[in-house]
Amino acid sequence: MTWTNEAAIRQWDSGSTRASMEATAEHGDFAKQHLVNPVLLRLLGDVRGRRVLDAGCGNGYFSRMLAARGAEVTGVEPAESVISFAREKAGAGVSYVQAELARLPALEPFDAVVCSMVLMAIPDWKPAMRACVEAVRPGGLFVFAIVHPAFEELFGTWRKYGEYRRKEYLAEYEIAGRDASDFHRPISAYLNELAALGCRLREVVEPGLDPAVAEGIESYVRMPNFLLVSAEAG
């Protein structure tokens with residue numbers, strides 16, 4: 001199959017059930033709550049009074065978390081079923097726009113753009129990253145989170161073998177998921193594109209899970225399943 005962004009959006013649209021969105025409407029899933037969200041919030045810093053774009057906002061939970069911290073948030077999401085759910089749950093300080101990231105409508109520059117767990121799910125991802133960077137005011141922040149390209153299927157292989165295994169890293173390929181596919185690319189692809197867009201790297205984070213909440217998921221304590229990057233727009 002030749003993947004397009006439109007095909008990926010259709011997959012997310014059909015794979016996102018009401019039950020799954022309700023279950024993750026407050027803090028996201030377990031991994032987001034304990035590994036991704038705390039780092040994103042730290043990297044973004046004090047968001048009170050700041051305009052933030054939640055690029056690829058999904059069910060909108062992180063948009064609502066930011067708004068609760070005083071930000072003026074715009075969430076962008078292309079999938080119809082998902083954006084409808086986000087709008088239903090929207091509260092004060094949040095507005096949602098249905099659009100593909102690579103084709104953002106004209107918006108006033110943002111103080112920060114956060115793109116959480118999205119870029120690795122987009123087949124033609126470079127225009128999406130460019131749109132995110134171009135939406136940030138000069139000197140503003142672009143923060144993104146992806147599944148760590150070196151440890152994408154960490155839980156499954158650890159459970160099967162008692163260690164993490166990988167056969168291929170340098171190629172680009174599809175990783176079929178329960179609801180939709182992700183696409184593997186090496187870390188260098190994302191960081192080099194960030195540099196080509198004129199961004200200044202501020203921090204790279206590879207969070208490990210707190211053993212106190214690991215619930216027997218040893219692999220997440222010992223290896224990072226997620227990669228988070230903070231950069232300053234030029």
# chains A, B, ... in the order shown; residues from 1 in each chain; ligands from 1

call {"tool": "select_by_dssp", "arguments": {"residues": "range 48-231 of chain A", "states": "alpha helix (DSSP H)", "output": "JSON, numbers by chain"}}
result
{"A": [61, 62, 63, 64, 65, 66, 67, 68, 80, 81, 82, 83, 84, 85, 86, 87, 88, 89, 126, 127, 128, 129, 130, 131, 132, 133, 134, 154, 155, 156, 157, 158, 159, 160, 161, 187, 188, 189, 190, 191, 192, 193, 194, 195, 196, 218, 219, 220, 221, 222]}

call {"tool": "residues_around", "arguments": {"residues": "Ile175 in chain A", "least_positions_apart": "6", "cutoff": "10 Å", "atoms": "only C-alpha atoms", "output": "PyMOL selection string"}}
result
chain A and resi 120-121+152-153+181-184

call {"tool": "residues_around", "arguments": {"residues": "Leu107 in chain A", "least_positions_apart": "5", "cutoff": "10 Å", "atoms": "only C-alpha atoms", "output": "ChimeraX atom specification"}}
result
/A:53,74,135

call {"tool": "write_last_selection", "arguments": {"atoms": "N, CA, C and O atoms", "output": "PDB file, in the first residue's frame"}}
result
ATOM      1  N   LEU A  53      -0.537  26.511  20.168  1.00  0.00           N
ATOM      2  CA  LEU A  53      -1.160  25.654  19.173  1.00  0.00           C
ATOM      3  C   LEU A  53      -0.886  24.205  19.546  1.00  0.00           C
ATOM      4  O   LEU A  53       0.273  23.800  19.687  1.00  0.00           O
ATOM      5  N   THR A  74      -5.382  26.791  20.735  1.00  0.00           N
ATOM      6  CA  THR A  74      -6.049  26.359  19.510  1.00  0.00           C
ATOM      7  C   THR A  74      -5.599  24.935  19.229  1.00  0.00           C
ATOM      8  O   THR A  74      -4.402  24.667  19.125  1.00  0.00           O
ATOM      9  N   ALA A 135       4.230  28.350  12.292  1.00  0.00           N
ATOM     10  CA  ALA A 135       3.149  28.889  13.114  1.00  0.00           C
ATOM     11  C   ALA A 135       3.658  29.535  14.398  1.00  0.00           C
ATOM     12  O   ALA A 135       2.898  30.182  15.120  1.00  0.00           O
TER      13      ALA A 135
END

call {"tool": "residues_around", "arguments": {"residues": "Leu44 in chain A", "least_positions_apart": "3", "cutoff": "12 Å", "atoms": "only C-alpha atoms", "output": "PyMOL selection string"}}
result
chain A and resi 37-41+47-48+50-54+66+69+71+111-115+140-144+202-203+228-232

call {"tool": "write_last_selection", "arguments": {"atoms": "C-alpha atoms", "output": "CSV table (one decimal), in the first residue's frame"}}
result
chain,number,residue,atom,x,y,z
A,37,ASN,CA,2.6,15.0,29.7
A,38,PRO,CA,5.0,15.9,32.6
A,39,VAL,CA,7.9,16.5,30.2
A,40,LEU,CA,5.8,18.5,27.7
A,41,LEU,CA,4.5,20.7,30.5
A,47,VAL,CA,1.8,29.1,29.7
A,48,ARG,CA,-0.4,31.6,31.5
A,50,ARG,CA,0.4,32.6,26.1
A,51,ARG,CA,-1.1,31.5,22.8
A,52,VAL,CA,-0.4,27.8,22.2
A,53,LEU,CA,-1.2,25.7,19.2
A,54,ASP,CA,-1.8,22.0,20.0
A,66,LEU,CA,-3.0,23.8,28.8
A,69,ARG,CA,-3.0,26.3,33.2
A,71,ALA,CA,-3.1,29.3,28.1
A,111,ASP,CA,4.0,31.7,21.4
A,112,ALA,CA,4.4,27.9,21.4
A,113,VAL,CA,3.4,25.0,19.3
A,114,VAL,CA,3.2,21.5,20.8
A,115,CYS,CA,2.9,18.4,18.5
A,140,GLY,CA,8.9,31.0,20.4
A,141,LEU,CA,8.9,27.3,21.2
A,142,PHE,CA,8.3,24.3,19.1
A,143,VAL,CA,8.0,21.1,21.2
A,144,PHE,CA,7.2,17.7,19.8
A,202,ARG,CA,17.1,23.5,23.3
A,203,GLU,CA,16.6,20.1,24.9
A,228,LEU,CA,10.7,14.6,23.3
A,229,VAL,CA,12.4,17.6,21.7
A,230,SER,CA,12.2,21.3,22.5
A,231,ALA,CA,13.5,23.9,20.0
A,232,GLU,CA,13.4,27.7,19.5

call {"tool": "residues_around", "arguments": {"residues": "Ser95 in chain A", "least_positions_apart": "2", "cutoff": "8 Å", "atoms": "only C-alpha atoms", "output": "list in words"}}
result
Val73, Thr74, Gly75, Arg87, Ala90, Gly93 and Val97 of chain A

call {"tool": "residues_around", "arguments": {"residues": "Ala25 in chain A", "least_positions_apart": "3", "cutoff": "8 Å", "atoms": "only C-alpha atoms", "output": "ChimeraX atom specification"}}
result
/A:21-22,28,59-61

call {"tool": "decode", "arguments": {"residues": "range 146-158 of chain A", "atoms": "all heavy atoms", "output": "compact mmCIF listing (two decimals), in the first residue's frame"}}
result
# COMPACT_ATOMS: atom_id res chain seq x y z
N ILE A 146 7.45 12.06 20.08
CA ILE A 146 7.20 10.92 19.19
C ILE A 146 7.53 9.64 19.94
O ILE A 146 8.19 9.66 20.98
CB ILE A 146 8.06 10.99 17.91
CG1 ILE A 146 9.56 11.10 18.27
CG2 ILE A 146 7.63 12.15 17.02
CD1 ILE A 146 10.49 11.03 17.07
N VAL A 147 7.05 8.53 19.42
CA VAL A 147 7.53 7.25 19.92
C VAL A 147 9.02 7.19 19.58
O VAL A 147 9.43 7.53 18.47
CB VAL A 147 6.78 6.08 19.26
CG1 VAL A 147 7.37 4.74 19.71
CG2 VAL A 147 5.30 6.13 19.62
N HIS A 148 9.85 6.78 20.53
CA HIS A 148 11.30 6.77 20.33
C HIS A 148 11.65 5.84 19.17
O HIS A 148 11.35 4.65 19.21
CB HIS A 148 11.98 6.29 21.60
CG HIS A 148 13.43 6.65 21.69
ND1 HIS A 148 14.35 6.28 20.72
CD2 HIS A 148 14.13 7.35 22.62
CE1 HIS A 148 15.54 6.73 21.07
NE2 HIS A 148 15.44 7.39 22.21
N PRO A 149 12.29 6.37 18.11
CA PRO A 149 12.58 5.54 16.94
C PRO A 149 13.46 4.32 17.22
O PRO A 149 13.45 3.37 16.44
CB PRO A 149 13.29 6.51 15.99
CG PRO A 149 12.77 7.85 16.37
CD PRO A 149 12.62 7.79 17.86
N ALA A 150 14.21 4.35 18.31
CA ALA A 150 15.07 3.20 18.62
C ALA A 150 14.35 2.14 19.45
O ALA A 150 14.86 1.03 19.58
CB ALA A 150 16.32 3.67 19.36
N PHE A 151 13.17 2.49 20.00
CA PHE A 151 12.49 1.57 20.91
C PHE A 151 10.99 1.53 20.65
O PHE A 151 10.18 1.54 21.59
CB PHE A 151 12.75 1.98 22.37
CG PHE A 151 14.21 2.04 22.72
CD1 PHE A 151 14.86 3.27 22.79
CD2 PHE A 151 14.94 0.90 22.98
CE1 PHE A 151 16.21 3.36 23.11
CE2 PHE A 151 16.29 0.96 23.30
CZ PHE A 151 16.93 2.19 23.37
N GLU A 152 10.59 1.47 19.39
CA GLU A 152 9.18 1.60 19.04
C GLU A 152 8.30 0.47 19.55
O GLU A 152 7.18 0.68 19.96
CB GLU A 152 9.03 1.73 17.52
CG GLU A 152 9.40 3.11 17.04
CD GLU A 152 10.03 3.11 15.68
OE1 GLU A 152 10.68 2.11 15.31
OE2 GLU A 152 9.89 4.11 14.96
N GLU A 153 8.77 -0.76 19.47
CA GLU A 153 7.97 -1.91 19.90
C GLU A 153 8.56 -2.50 21.18
O GLU A 153 8.68 -3.71 21.33
CB GLU A 153 7.90 -2.92 18.77
CG GLU A 153 7.21 -2.33 17.53
CD GLU A 153 7.23 -3.26 16.32
OE1 GLU A 153 8.29 -3.35 15.68
OE2 GLU A 153 6.18 -3.87 16.07
N LEU A 154 8.88 -1.62 22.09
CA LEU A 154 9.59 -1.98 23.32
C LEU A 154 8.82 -3.00 24.15
O LEU A 154 9.35 -4.05 24.53
CB LEU A 154 9.85 -0.72 24.13
CG LEU A 154 10.49 -0.87 25.51
CD1 LEU A 154 11.85 -1.55 25.40
CD2 LEU A 154 10.63 0.50 26.18
N PHE A 155 7.57 -2.72 24.45
CA PHE A 155 6.81 -3.58 25.36
C PHE A 155 6.64 -4.99 24.79
O PHE A 155 6.85 -5.99 25.49
CB PHE A 155 5.44 -2.98 25.66
CG PHE A 155 4.59 -3.84 26.55
CD1 PHE A 155 4.89 -3.99 27.90
CD2 PHE A 155 3.50 -4.53 26.04
CE1 PHE A 155 4.12 -4.80 28.72
CE2 PHE A 155 2.72 -5.33 26.85
CZ PHE A 155 3.03 -5.47 28.19
N GLY A 156 6.28 -5.06 23.51
CA GLY A 156 6.03 -6.37 22.91
C GLY A 156 7.25 -7.26 22.85
O GLY A 156 7.18 -8.46 23.19
N THR A 157 8.38 -6.71 22.44
CA THR A 157 9.58 -7.55 22.34
C THR A 157 10.13 -7.88 23.72
O THR A 157 10.65 -8.98 23.93
CB THR A 157 10.67 -6.88 21.49
OG1 THR A 157 11.02 -5.61 22.06
CG2 THR A 157 10.20 -6.68 20.06
N TRP A 158 10.03 -6.96 24.67
CA TRP A 158 10.50 -7.24 26.03
C TRP A 158 9.67 -8.36 26.65
O TRP A 158 10.20 -9.26 27.31
CB TRP A 158 10.42 -5.99 26.89
CG TRP A 158 11.16 -6.09 28.19
CD1 TRP A 158 10.74 -6.73 29.33
CD2 TRP A 158 12.46 -5.57 28.47
NE1 TRP A 158 11.69 -6.63 30.31
CE2 TRP A 158 12.76 -5.92 29.82
CE3 TRP A 158 13.39 -4.83 27.74
CZ2 TRP A 158 13.95 -5.56 30.43
CZ3 TRP A 158 14.57 -4.47 28.35
CH2 TRP A 158 14.84 -4.83 29.68
